[in-house]
Structures are given as C-alpha cells and as structure tokens.
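Participant: Quick one: the structure is below, questions incoming.
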Amino acid sequence: MSITKKDETFYPGPSHSALAAFPPKERWDDWVELDSRAWPRRVEKHSMLVPTTCFNCESACGLLAYVDPETLTVRKFEGNPEHPASRGRNCAKGPATLNQVYDPDRILYPLKRTGKRGEGHWARVSWDEAVNDIASRIRKAIQEGRHNEVMYHVGRPGEDGYTERVLAAWGVDGHNSHTNICSSSGRAGYHYWMGLDRPSPDHANADVILLISSHLEAGHYFNPHAQRIIEGKERGAKLIVFDVRLSNSATHADQWVSPYPGSEAAILLAIANHLIQHNLYNREFVHRWWNWQEYMLVERPDVSPTFENFESTLKDLYKEYTFAFAANESGVDATVIEEIATLVAKAGTRLSTHTWRSATAGNLSGWQVSRSLFMLNALLGAIATEGGTYPNAWNKFVPRPLYTPPHPHVWNPLTWPIEYPLAMNELSFLLPHFLKEGRGKLEVYFTRVYNPVWTNPDGFTWIEALSDEKLVGLHVALTPTWSETAYFADYVLPMGVSSERHDIHSYETHDAQWLGFRQPVLRTAQERLSKSVTDTRQVNPGEVWEENEFWIELSWRIDPDGTMGIRQFFESKQRPGEKLTVDEYYAHIFEHSVPGLPERATAEGLTPLAYMRRYGAFEVQKKIGAVHDQSVPTEELEDIHIDTLGRVFTRKPRPAGPNIVPLPTLDNDSEGRRLVGIDLDGTIVRGFPTPSGRLEFFSRTLKEWGWPECALPSYQRSHVHPQQLEAGQMVLIPTFRLPVHIHTRSANAKWLDEIAHTNPLWLHTSDAARIGVHTGDLVRVETEIGHFVVKAWVTEGIRPGVVGCSHHMGRWKLSNDGQRQLMATVSLEHQGQRWTLRREKGVEAYSSADADSQRIWWTDAGVHQNLTFPVHPDPISGMHCWHQAVRVRKADLQDRYGDISVDSDKSYAAYKKWLDMTRPADRVSPDGTRRPYWLLRPLKPGREVYRLPVVKPTETD
Ligand code: SF4
C-alpha cells in the first residue's frame, strides 16, 4: 500500500498511514492490546501511551512509550504518528530504546574513582557529594579568572542550545563538540555559499535526488529523509548515489557511481561545467542571487562588471572541468558522468541534493565537495523551491528561551586555536595534543554522551592526556552507558536516555518547521495518574538524572548567593529567588515563543505544556518557501543606507521572534547600522546570512583570510589522491555507519547487538586475490602510525584498490565494568612510545536480571580501527580527514583478531605535519581579529575578544 495515499481509513495526523497502524490519539490514556503470550486465552493489556523523542541519532524521531499503568514500567516503544518529521516510523534503533532503559549493565548511580585514573576502581557516591565537588572547583576557577579551564565536550547534543546557555551564564567559552570529527567540512561547503551550514532537501517532491552518502540507510536525518526519498521515487524521481561502497542507498539508485575517494568534487564540477557551457543554468536566478557583481569588482577589475561579462568569465573559469578530466580523476566512465549531467540538467528547480559526512568527512578539502554539490542547486535555482534544497534555517524552528545570558568575554584557544581561524567548529580532536604541548590545562572537563578515546582518531593520545591529573584536574563523564572514555574519568554520572529527560529540538527534515519535545515518560505517566513528580530521579531507574535539572542544580551551587551573576539565569520568574523548575522553563517557551501552539492547545482544552506532554511535537508551519526572497517589512527599516553591493543597513534594532533570516552581525556599516537585507531591483528582501547577503559563489572571506586559491568552488586533490600514495598503498574508507548502530550509544541495545556485531574489512575480489586472502581470513591493516588486525570480507561491492571498514564497532572494556553485550575485554599496554591493545575475551553469555543475557550467542564485537589513525585536521574547515593511506596484507602468525599497535611518537609527528599546513590568524587576518565574526560559532564570545592579542616587543627586538 502506498504510504502517501490519502484515504479516510488513514491516520488523520502527520503520518498519513493506515489507521490500523497507529492507536488513535483519543485512546492514548487507555490503549488496549491482547497479550500474545496468553494465547489462546484473551487477556487484555492496558497501556498509557506517552510520547517522547528518540535520542539514538540526530533525527530525533517521535516515539510512543507504552507504559503499564500498574507497574509504571515501559512495555515497548513504537513510532509517534503525531510527529511531523518521522510520521510514526522509526528505524530499528528507535524501538531498541527499551533495551537501553532496562540494560542490566547500565550505570544507575553516581560513581567516583577510588584508584588511579584508568585503574577501574569505583565507589558509589551521592549526587550531593558529586555536585558539591564539581561546583566548588568551577566556582574557584571562575573566581580566579581561570575561565578557560572549564570545558564541556559534547557528542550528541540532542537539544537546541540549552547547555550553550548554561556555559554562557557561567561566562566561560567552554563549549567543545564532536563536530570536527563529524561534519565540519560538509558544513563549511554550505556555509561559504549561504551563511548557513546545512541543507534541507525536499526529496519527496524532487525529480532528481542526488546523494553523496549512504543516506537511505544511515544518513544525517536518516529515517525522516529515507522515507521521503522513497516517496520521491514513488513519484518517479531518479535517484543518483555517489558511494564508494555498494551501500543500501546504492542498491536503490537508478545511477550508482563508485568514484575514486576524494574525486567527487571533480565529477560535480564537470556537471556544473556542462550546465555552464551549454547555457542550461537558471540565468535569472544566478543574476538575482549570486554575488557575481562582487566577484567582478574584486577579481576582474579589468572588465566592466556586467552580468554578460560574468557569464563569459564563468565559462572560462570552469572549462577545464570536462567529463574526460572528471573521468580521469574518478575512474568513472565519462559517458556515465555525462548521463548524470543530463539527468541533473533536466531536474531544473526540482533537484534535491544532500551530503553530510561521506566524502566531505574523508578528504583533505572535503568541504569543496559540499560546495560543489550545492553549486548545482545554485546554478539551477533549485534552492528553497518545491523539490529543491532549502537552507536548513528555513526549515528549522528554534524558539526563544526563558533567559539569554550574555556572550562570554573570554576566548578559549584550546578549542579555537590561532592556526585555524576559519574552522567551522572546535578543534576538538587536537585537545590532547594541545594539553600535552602546554597550551593550557583543564580544571573541570565534562564529557557528555561523548567518547573521544573510542570515537576520535589517535585515542591513545587521549588516554595519555586524560590520565594526567596535571592536565585534566577533574574529568566528569555524563553518560547513560559505560564508555572507553568513562574509564578515565573521576566521576561517572548517570544520565537519562530518550524516555528519561527533557529536551526540545527541531531539525531540517523537510519543507516545514516543527518542534519536538523529549520528556521523562514515567513522570508524565505519573502526572496523568494525578501524582506529582518534582525531580526525574523519582521516576527514573536508580538515580539516573536528567541534565536540565542537573545543570540548574549545579549552577545554583556554583553561585549559591547569586553574587557571581550566574544564579539569576536559573531562578524562577514566577517565584523570584527560588529555583527554576523544568515545568516553568518549558511552559514559558511553549506559551510565549511557539506561534500557533497556545491556540491549538486551547482548542483541545490544554495548556501549551500539557499539549506538548500529550503529543510530543508541534508543526509550526508547512511549506516555508523562499525566506530569502521575502520582503523586509517597512517597520523594520529606519534610517536605511544602501551600499554599492546593494546591502541594506538600518538603525532599527533586530526584532525578536522566529523566522527571521539570521543575517551576519559583523557587517555594520561605518555608522553602526546593522545589515537587514539586500536591495533587489528596488525591493528590499531578506537575502542570505552571508557578508554580501547573497549566495557567495565567490568567498571574499577565503580570499582575504589567506586562501585566495579556494575563493571559488573548485577541486583540490585529497591527501589520498593516487599521487599521494606510495607503491602498494590502498585507501581505507573508515567512515561508514552500520544502519542499526550509532557510534558509542547503542552497544547497550541487545536487539541491535544481535543484528550487527562485527566490522570486517571490505576488500574487492581482485585485491583479495592479489593479497591471497579469502573471506574470514585475518589481515593486517597498516596505517601511518600503527596497525590493526581484522577479518577480510571479499566482495564485488567496493571499488578495487579501496578497502572499507565501518567505524561502528570495536568497543572494548578493561575489566568487568562495562557493557557486556558488545564490548570485548582487552588488555592495554604502554611501553615507551608504543601502545598495544589485545583482545583477551570476546562477548559471552552471562547471568543478569535480563534472561536474554544468558542467550547471547555472538562472541564478536568488531575491531577498533580509529585508534590507529593519526589526526588529519583540514587547514580550513578543521575537519579531521578520515580516509587513510594503508597497506593491507595477510596477518602475521602471531597476530590475533582485534590486535592494535600504535607508535605515539608517529602520531605526534603527524599532528605537527598537518599543523604546518595551516595559515594562522596572526599571519593572515586582514583586520587584526582571530576569526571572521560572521562565521557561525556554537558559543559566540563577545566581539571585543575577537581581537588578536597584541604581542609586546621584547627588549631584544
Ligand atoms: S535512531 Fe532511528 S528512530 Fe531514532 S532518531 Fe535516528 S532515525 Fe529516528
């Protein structure tokens, strides 16, 4: 049955699926199913259905918890048909949330280290003891002006800005993220075009869908996008997939190409060139929206800055990107590239494109892949059109919070070092090198749902830094499950999973804006039974706490009397001087900052908070359209000034509220007016949040900040280009996900572990024959700094000369503490500069409160390849370039499955080599600042600290 078919038997909410598939919302208080285990007797099971959102990937799909009203336990999780993005559907990881809640190995109480760091000795402590200790250290650091010694390092945020505001309230520039090992290069390519760092493709309405990723199985907004890609295909859209492997997406494609890794931008630019040379581009769109005039004024002062002159320049600029050139770089036949170019050209404004990690995350200059991909949309005018690709902010809704603390007045060079003025996010994976080099130290370091020892490259250097108490004074691991990093913590504090915490979020899943609400489902269930809950620890397992309440409590203890100016941001507005409650926080947002929600709630006789607790999501607006082309209301215009590039500046303060284009804040004119839009043929429209207000084909920022050769979308050869490889080397693709796992967060889900528990090396049949191995044989993969030993999987589903290994496996533990369903027990040795890790014991059955743990039949847990990778920071985006030049050979006789060996001197040398590729701000900054102010930054400090410190001359100078 078609999932898009409209019929009266279909669920009336966002899912549009068969009615029988979902319980009607009117019956969510008492939903009755028959107990299958009681058959043939007819035994009814009554459940309360309480919505929340999944925390297992960034999509935040809607879930419905089926709560037993007698025992107040969760029976199962299914999809929430009221959620506008996921529409009642989930991937395997959604329902597996149940395993995570009842995981017999989960951490239920705060733990404090008793032996040396990493020794694995723990004692249970009270939350009071832990919070007091942490708060007193933070308080002292702030009072002594050591703000940069407080750092919060987040893996999966799962929320929109709550914790950034906590850090801002403390006045610290302490936000650190995982983004530079994930998506910085993907983001940078989009950011340089439109000032926003993510795409929002309208796959369901596209004629051509072009993916540079394995998006259907494991992309960014995986399930919400995958279902819309299938809808697009049902409508007749052609699906083109670039993927080195035969991924699940590739198997669904009309055109699958497997290019040489790193050559993707060459193909995309050849397609762009085809559009340009044959005048197949949308001339009106390019004329209206590209910053071609700025390009001509700056780069072609020799000719008159007319659009016709620009068009002929454009032809000249891209003429070298022929199909033959792309074929030569990529190994994809020129006729295939031409076929794809013809398909793309026919799509017109119905071209939806998407890339996220994939090639952008693998390669040096990978950010030029997303930039070249988006150039196709920019040429065809397929931006914010039906079936095109939207800027993410057009399809995302972020309500105003209760409090907005000021920007911190400090700059943290441990996360934003001088060498990377253009980095899209914090240089998180270089932190241990920076600490070991003496660039700073940390008094309190939070890792939160983040596992850098395992997830990041160069994990042994992380272990070295985390083991040194002079570098990291106190390491607090906020985590719902054991991780390799938690072993090197001082406190391990148990945090809630999807159904045990509050968060709000909104993602660019399709052409709409929505707000999702994660909530502790047992709290809401208790409230439906008229029982009051004041703290999530009253309903969560053990003493698992939600983070919102934890941060409020911690902030009060840092500033108990309010004299540090921190406590004010965590106080009740309704009861001045008292602690803010989570109810008040969200009630305020839902009542005051979500257009349409109060009215919808009133129509159902509910408060806005009660509405969100009942349904878990709200669709704010559908069919957003081209926000950049909206006229600026005249009431926003006052004392305007229009400059030579058509940028419009005003004195009127920025109005508060949603749906306003986030224009860059640097570009005040000389009289202090702010940029409000651009003048297009006499109409003042919103434009894009770039310095020019237009789509920046030409990046003046890149030119002026030391990278003139990258100022236009272009192709730079990757660090794994054939010319960079030594004889006998192959390229290792280590970036792909397994569809049923999610990095470090899903080992505690037994259903998922049973489905996937290994990560063999994909090896083409021709390479296997050359090396002399068969499927299941052990091979040794040698990287620049060491090696790992893994099993071969011989397949035709990967390009010859390239090997692939999923990063979703290889979890390990040093003792019995840990998650036993997917973590092997290992020994870890360190002699001189040599680190080795050897698997002592695989996964095995064990006794626990869950009888299924006795039924574990798998022994494998995969191999931890990331430990053997050195850091490869892209000098512009800061992204770790994951692909590796490796040698693959038969394992030695003494090699054992899962062996890891690394030389940390070599990893330091690799760090220095890549650092030398940078162009530091103190050499290239055109205005004496550390970073262009308009570039996004998760926690933006005050403008005054953007200035580079003045170096005083010494007496000998
Ligand atoms: S893990 Fe699956 S169900 Fe959960 S948010 Fe991601 S795509 Fe949705």
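For the structure tokens, the naming scheme is as follows: chains receive sequential letters (A, B, ...) according to their order of presentation, residues are indexed from 1 within each chain, and ligands are indexed from 1 in presentation order.
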Quick one: residues within 10 Å of ligand 1, with only C-alpha atoms and all ligand atoms, as a PyMOL selection string?
Facilitator: chain A and resi 53-63+78-79+85-86+88-97+158+217-226+498+739-742+746
Participant: As an mmCIF file with N, CA, C and O atoms, in the first residue's frame, please: the residues near Leu466 (chain A) (cut-off 12 Å, only C-alpha atoms, same-chain neighbours under 5 positions excluded).
Facilitator:
```cif
data_model
loop_
_atom_site.group_PDB
_atom_site.id
_atom_site.type_symbol
_atom_site.label_atom_id
_atom_site.label_comp_id
_atom_site.auth_asym_id
_atom_site.auth_seq_id
_atom_site.Cartn_x
_atom_site.Cartn_y
_atom_site.Cartn_z
ATOM 1 N N LYS A 116 43.837 4.856 40.818
ATOM 2 C CA LYS A 116 44.386 5.794 39.848
ATOM 3 C C LYS A 116 43.439 5.888 38.658
ATOM 4 O O LYS A 116 42.689 4.954 38.400
ATOM 5 N N ARG A 117 43.542 6.981 37.931
ATOM 6 C CA ARG A 117 42.695 7.093 36.728
ATOM 7 C C ARG A 117 42.962 5.936 35.781
ATOM 8 O O ARG A 117 44.116 5.626 35.481
ATOM 9 N N GLY A 118 41.906 5.316 35.335
ATOM 10 C CA GLY A 118 42.027 4.221 34.367
ATOM 11 C C GLY A 118 42.204 2.868 35.009
ATOM 12 O O GLY A 118 42.217 1.854 34.322
ATOM 13 N N LEU A 431 42.652 18.416 21.106
ATOM 14 C CA LEU A 431 42.760 18.816 22.513
ATOM 15 C C LEU A 431 43.896 18.105 23.259
ATOM 16 O O LEU A 431 44.683 18.765 23.939
ATOM 17 N N PRO A 432 44.049 16.781 23.163
ATOM 18 C CA PRO A 432 45.128 16.164 23.956
ATOM 19 C C PRO A 432 46.509 16.637 23.506
ATOM 20 O O PRO A 432 47.409 16.780 24.347
ATOM 21 N N HIS A 433 46.684 16.893 22.219
ATOM 22 C CA HIS A 433 47.982 17.417 21.773
ATOM 23 C C HIS A 433 48.209 18.815 22.336
ATOM 24 O O HIS A 433 49.310 19.144 22.780
ATOM 25 N N LEU A 435 46.963 20.061 25.086
ATOM 26 C CA LEU A 435 47.232 19.956 26.530
ATOM 27 C C LEU A 435 48.661 19.476 26.768
ATOM 28 O O LEU A 435 49.380 20.023 27.606
ATOM 29 N N LYS A 436 49.068 18.470 26.018
ATOM 30 C CA LYS A 436 50.418 17.911 26.231
ATOM 31 C C LYS A 436 51.504 18.904 25.828
ATOM 32 O O LYS A 436 52.604 18.880 26.357
ATOM 33 N N LYS A 441 45.476 24.005 30.501
ATOM 34 C CA LYS A 441 45.070 22.818 31.250
ATOM 35 C C LYS A 441 43.608 22.980 31.637
ATOM 36 O O LYS A 441 43.036 24.071 31.459
ATOM 37 N N LEU A 442 43.040 21.911 32.140
ATOM 38 C CA LEU A 442 41.621 21.945 32.473
ATOM 39 C C LEU A 442 41.432 21.640 33.951
ATOM 40 O O LEU A 442 42.007 20.676 34.462
ATOM 41 N N GLU A 443 40.630 22.473 34.587
ATOM 42 C CA GLU A 443 40.281 22.205 35.992
ATOM 43 C C GLU A 443 39.109 21.221 36.041
ATOM 44 O O GLU A 443 39.146 20.239 36.774
ATOM 45 N N VAL A 444 38.088 21.506 35.248
ATOM 46 C CA VAL A 444 36.932 20.600 35.173
ATOM 47 C C VAL A 444 36.617 20.340 33.706
ATOM 48 O O VAL A 444 36.425 21.279 32.921
ATOM 49 N N TYR A 445 36.608 19.089 33.341
ATOM 50 C CA TYR A 445 36.348 18.694 31.961
ATOM 51 C C TYR A 445 35.159 17.739 31.950
ATOM 52 O O TYR A 445 35.233 16.646 32.516
ATOM 53 N N PHE A 446 34.043 18.189 31.350
ATOM 54 C CA PHE A 446 32.874 17.315 31.212
ATOM 55 C C PHE A 446 32.938 16.626 29.852
ATOM 56 O O PHE A 446 33.107 17.306 28.828
ATOM 57 N N THR A 447 32.792 15.318 29.817
ATOM 58 C CA THR A 447 32.445 14.673 28.551
ATOM 59 C C THR A 447 30.994 14.260 28.699
ATOM 60 O O THR A 447 30.593 13.686 29.711
ATOM 61 N N ASN A 451 32.643 10.057 23.671
ATOM 62 C CA ASN A 451 33.593 9.003 23.973
ATOM 63 C C ASN A 451 34.852 9.197 23.125
ATOM 64 O O ASN A 451 35.136 8.406 22.228
ATOM 65 N N PRO A 452 35.609 10.277 23.381
ATOM 66 C CA PRO A 452 36.723 10.596 22.471
ATOM 67 C C PRO A 452 37.793 9.512 22.400
ATOM 68 O O PRO A 452 38.427 9.351 21.359
ATOM 69 N N VAL A 453 37.989 8.762 23.471
ATOM 70 C CA VAL A 453 39.018 7.710 23.423
ATOM 71 C C VAL A 453 38.682 6.706 22.323
ATOM 72 O O VAL A 453 39.569 6.190 21.635
ATOM 73 N N GLY A 459 43.322 7.729 19.669
ATOM 74 C CA GLY A 459 42.755 7.539 21.007
ATOM 75 C C GLY A 459 43.793 7.350 22.095
ATOM 76 O O GLY A 459 43.550 7.690 23.256
ATOM 77 N N PHE A 460 44.970 6.797 21.742
ATOM 78 C CA PHE A 460 45.975 6.598 22.800
ATOM 79 C C PHE A 460 46.496 7.938 23.318
ATOM 80 O O PHE A 460 46.842 8.064 24.497
ATOM 81 N N THR A 461 46.582 8.943 22.442
ATOM 82 C CA THR A 461 46.991 10.264 22.913
ATOM 83 C C THR A 461 45.930 10.830 23.861
ATOM 84 O O THR A 461 46.244 11.518 24.838
ATOM 85 N N LEU A 471 47.105 17.790 33.700
ATOM 86 C CA LEU A 471 46.482 18.354 32.500
ATOM 87 C C LEU A 471 44.967 18.450 32.652
ATOM 88 O O LEU A 471 44.342 19.404 32.193
ATOM 89 N N VAL A 472 44.384 17.432 33.255
ATOM 90 C CA VAL A 472 42.921 17.414 33.446
ATOM 91 C C VAL A 472 42.671 17.190 34.936
ATOM 92 O O VAL A 472 42.854 16.084 35.445
ATOM 93 N N GLY A 473 42.284 18.264 35.617
ATOM 94 C CA GLY A 473 42.132 18.190 37.068
ATOM 95 C C GLY A 473 41.004 17.273 37.493
ATOM 96 O O GLY A 473 41.156 16.422 38.367
ATOM 97 N N LEU A 474 39.854 17.450 36.888
ATOM 98 C CA LEU A 474 38.686 16.641 37.234
ATOM 99 C C LEU A 474 37.942 16.315 35.947
ATOM 100 O O LEU A 474 37.519 17.220 35.221
ATOM 101 N N HIS A 475 37.788 15.039 35.667
ATOM 102 C CA HIS A 475 37.061 14.612 34.467
ATOM 103 C C HIS A 475 35.724 14.034 34.905
ATOM 104 O O HIS A 475 35.681 13.055 35.643
ATOM 105 N N VAL A 476 34.657 14.659 34.434
ATOM 106 C CA VAL A 476 33.302 14.221 34.781
ATOM 107 C C VAL A 476 32.655 13.654 33.526
ATOM 108 O O VAL A 476 32.466 14.378 32.541
ATOM 109 N N ALA A 477 32.338 12.369 33.542
ATOM 110 C CA ALA A 477 31.693 11.745 32.379
ATOM 111 C C ALA A 477 30.188 11.688 32.637
ATOM 112 O O ALA A 477 29.732 10.990 33.541
ATOM 113 N N GLU A 484 34.580 3.813 26.778
ATOM 114 C CA GLU A 484 36.027 3.705 26.939
ATOM 115 C C GLU A 484 36.571 4.954 27.634
ATOM 116 O O GLU A 484 37.539 4.893 28.393
ATOM 117 N N THR A 485 35.951 6.105 27.374
ATOM 118 C CA THR A 485 36.398 7.361 27.977
ATOM 119 C C THR A 485 36.031 7.427 29.465
ATOM 120 O O THR A 485 36.799 7.968 30.274
ATOM 121 N N ALA A 486 34.874 6.849 29.808
ATOM 122 C CA ALA A 486 34.434 6.912 31.206
ATOM 123 C C ALA A 486 35.444 6.235 32.137
ATOM 124 O O ALA A 486 35.558 6.601 33.306
ATOM 125 N N TYR A 487 36.195 5.237 31.635
ATOM 126 C CA TYR A 487 37.208 4.598 32.484
ATOM 127 C C TYR A 487 38.244 5.589 32.983
ATOM 128 O O TYR A 487 38.903 5.366 33.989
ATOM 129 N N PHE A 488 38.434 6.675 32.208
ATOM 130 C CA PHE A 488 39.467 7.655 32.561
ATOM 131 C C PHE A 488 38.842 8.906 33.192
ATOM 132 O O PHE A 488 39.369 10.001 33.071
ATOM 133 N N ALA A 489 37.688 8.698 33.838
ATOM 134 C CA ALA A 489 37.008 9.807 34.499
ATOM 135 C C ALA A 489 37.214 9.727 36.006
ATOM 136 O O ALA A 489 37.665 8.713 36.542
ATOM 137 N N ASP A 490 36.870 10.843 36.674
ATOM 138 C CA ASP A 490 36.873 10.866 38.133
ATOM 139 C C ASP A 490 35.467 10.639 38.673
ATOM 140 O O ASP A 490 35.289 10.022 39.717
#
```
Participant: Taking only C-alpha atoms into account, name the residue in A:Pro926, A:Pro40, A:Pro520, A:Pro391 that is nearest to Val101 (chain A).
Facilitator: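 When distances to Val101 (chain A) are compared using only C-alpha atoms, the smallest one comes from A:Pro520.
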Participant: Using only C-alpha atoms, pick whichever of A:Pro713, A:Pro800, A:Pro541, A:Pro576 has the shortest atom-to-atom distance to Pro104 (chain A).
Facilitator: A:Pro541
Participant: Rounded to one decimal in Å, what is the spacing between CA of Arg745 (chain A) and CA of Arg820 (chain A)?
Facilitator: 13.7 Å
Participant: Any idea what's packed within 12 Å of Gly562 (chain A), counting only C-alpha atoms, ignoring anything in its chain fewer than 4 positions away? Could you give it as a list of chain:residue names?
Facilitator: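 So the residues in contact are A:Arg139, A:Ala169, A:Trp170, A:Ser555, A:Trp556, A:Arg557, A:Ile558, A:Ile566, A:Arg567, A:Gln568, A:Phe569, A:Phe570, A:Glu571, A:Gly577, A:Glu578, A:Lys579.
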Participant: How about saving the chosen residues, N, CA and C atoms kept, as a PDB file, in the first residue's frame?
Facilitator:
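Output (out.pdb):
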```pdb
ATOM      1  N   ARG A 139      33.542  27.048  40.605  1.00  0.00           N
ATOM      2  CA  ARG A 139      33.428  28.360  41.266  1.00  0.00           C
ATOM      3  C   ARG A 139      34.814  28.977  41.473  1.00  0.00           C
ATOM      4  N   ALA A 169      26.007  31.482  30.793  1.00  0.00           N
ATOM      5  CA  ALA A 169      25.659  32.016  32.123  1.00  0.00           C
ATOM      6  C   ALA A 169      26.869  31.954  33.053  1.00  0.00           C
ATOM      7  N   TRP A 170      27.680  30.938  32.917  1.00  0.00           N
ATOM      8  CA  TRP A 170      28.892  30.834  33.748  1.00  0.00           C
ATOM      9  C   TRP A 170      29.984  31.803  33.253  1.00  0.00           C
ATOM     10  N   SER A 555      24.483  24.919  38.747  1.00  0.00           N
ATOM     11  CA  SER A 555      24.678  26.373  38.629  1.00  0.00           C
ATOM     12  C   SER A 555      24.345  27.072  39.940  1.00  0.00           C
ATOM     13  N   TRP A 556      23.314  26.622  40.633  1.00  0.00           N
ATOM     14  CA  TRP A 556      22.988  27.196  41.946  1.00  0.00           C
ATOM     15  C   TRP A 556      24.129  26.958  42.931  1.00  0.00           C
ATOM     16  N   ARG A 557      24.752  25.804  42.835  1.00  0.00           N
ATOM     17  CA  ARG A 557      25.819  25.526  43.827  1.00  0.00           C
ATOM     18  C   ARG A 557      27.122  26.242  43.464  1.00  0.00           C
ATOM     19  N   ILE A 558      27.301  26.563  42.185  1.00  0.00           N
ATOM     20  CA  ILE A 558      28.469  27.378  41.819  1.00  0.00           C
ATOM     21  C   ILE A 558      28.300  28.789  42.385  1.00  0.00           C
ATOM     22  N   ILE A 566      25.525  34.393  38.199  1.00  0.00           N
ATOM     23  CA  ILE A 566      25.162  33.164  37.474  1.00  0.00           C
ATOM     24  C   ILE A 566      23.750  32.714  37.836  1.00  0.00           C
ATOM     25  N   ARG A 567      23.460  32.753  39.124  1.00  0.00           N
ATOM     26  CA  ARG A 567      22.220  32.160  39.620  1.00  0.00           C
ATOM     27  C   ARG A 567      20.969  32.780  38.994  1.00  0.00           C
ATOM     28  N   GLN A 568      21.067  34.058  38.629  1.00  0.00           N
ATOM     29  CA  GLN A 568      19.889  34.759  38.080  1.00  0.00           C
ATOM     30  C   GLN A 568      19.297  34.045  36.863  1.00  0.00           C
ATOM     31  N   PHE A 569      20.162  33.305  36.119  1.00  0.00           N
ATOM     32  CA  PHE A 569      19.670  32.633  34.910  1.00  0.00           C
ATOM     33  C   PHE A 569      19.038  31.274  35.207  1.00  0.00           C
ATOM     34  N   PHE A 570      19.022  30.917  36.463  1.00  0.00           N
ATOM     35  CA  PHE A 570      18.447  29.631  36.850  1.00  0.00           C
ATOM     36  C   PHE A 570      17.407  29.811  37.952  1.00  0.00           C
ATOM     37  N   GLU A 571      16.866  31.025  38.011  1.00  0.00           N
ATOM     38  CA  GLU A 571      15.846  31.324  39.008  1.00  0.00           C
ATOM     39  C   GLU A 571      14.473  31.360  38.357  1.00  0.00           C
ATOM     40  N   GLY A 577      13.793  34.461  43.292  1.00  0.00           N
ATOM     41  CA  GLY A 577      14.658  33.999  44.376  1.00  0.00           C
ATOM     42  C   GLY A 577      14.600  32.500  44.582  1.00  0.00           C
ATOM     43  N   GLU A 578      13.655  31.829  43.887  1.00  0.00           N
ATOM     44  CA  GLU A 578      13.579  30.365  44.020  1.00  0.00           C
ATOM     45  C   GLU A 578      14.127  29.698  42.769  1.00  0.00           C
ATOM     46  N   LYS A 579      14.391  28.419  42.902  1.00  0.00           N
ATOM     47  CA  LYS A 579      14.999  27.675  41.806  1.00  0.00           C
ATOM     48  C   LYS A 579      14.005  27.485  40.660  1.00  0.00           C
TER      49      LYS A 579
END
```
Participant: Assign secondary structure with DSSP using the backbone only, and return the residues of region 77-303 of chain A in strand (DSSP E or B) as a PyMOL selection string.
Facilitator: chain A and resi 77-79+111-113+122-124+150-154+175-177+199-201+208-212+238-242+245+255-257+290
Participant: Restricting the output to C-alpha atoms, write the selected residues as a compact mmCIF listing (two decimals), in the first residue's frame.
Facilitator:
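Dumped to selection_1.txt:
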```
# COMPACT_ATOMS: atom_id res chain seq x y z
CA PHE A 77 8.41 1.97 22.20
CA GLU A 78 6.77 2.49 18.85
CA GLY A 79 6.51 5.41 16.46
CA LEU A 111 30.37 6.73 40.77
CA LYS A 112 33.65 8.21 41.96
CA ARG A 113 37.09 6.92 41.09
CA TRP A 122 34.90 2.97 41.67
CA ALA A 123 32.80 3.80 44.71
CA ARG A 124 29.16 4.80 44.74
CA VAL A 150 36.16 24.76 32.43
CA MET A 151 35.15 22.75 29.41
CA TYR A 152 32.05 20.85 28.34
CA HIS A 153 32.71 18.42 25.48
CA VAL A 154 29.55 17.14 23.86
CA HIS A 175 31.83 24.60 24.63
CA ASN A 176 33.57 21.80 22.78
CA SER A 177 31.84 19.50 20.32
CA PRO A 199 20.99 21.59 3.55
CA SER A 200 17.33 20.66 3.82
CA PRO A 201 16.44 18.70 0.70
CA VAL A 208 16.18 14.12 -9.33
CA ILE A 209 17.68 13.19 -5.96
CA LEU A 210 21.47 13.33 -5.83
CA LEU A 211 23.13 11.89 -2.73
CA ILE A 212 26.81 11.84 -1.87
CA LYS A 238 15.53 9.45 -10.36
CA LEU A 239 17.94 8.60 -7.56
CA ILE A 240 21.67 9.14 -8.14
CA VAL A 241 24.08 7.90 -5.47
CA PHE A 242 27.82 8.51 -5.24
CA ARG A 245 30.61 1.05 -1.45
CA GLN A 255 22.53 5.58 -11.10
CA TRP A 256 25.18 4.37 -8.67
CA VAL A 257 28.74 5.50 -9.18
CA TRP A 290 24.82 35.08 -6.81
```
Participant: Counting only C-alpha atoms, which residue out of A:Arg887, A:Arg187, A:Lys622, A:Arg834 sits closest to Asp767 (chain A)?
Facilitator: A:Arg887
Participant: What is the distance, in Å and to one decimal place, between CA of Glu469 (chain A) and CA of Gly115 (chain A)?
Facilitator: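 CA of Gly115 (chain A) lies at a distance of 12.9 Å from CA of Glu469 (chain A).
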Participant: Which residues are near region 838-841 of chain A? Cut-off 6 Å, only C-alpha atoms, ignore same chain within fewer than 2 positions. Put them as an NGL selection string.
Facilitator: :A and (824-827 or 898-899)
Participant: Which residue gives the smallest distance to Leu269 (chain A) among A:Ser699, A:Ser714, A:His354, A:Glu119, with only C-alpha atoms counted?
Facilitator: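 The answer is A:Ser714, which sits nearest to Leu269 (chain A).
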Participant: Excluding Arg300 (chain A) and its own-chain neighbours fewer than 6 positions away, which residues fall within 12 Å of it when counting only C-alpha atoms? Please give them as a ChimeraX atom specification.
Facilitator: /A:292-294,306,309-310,312-314,698
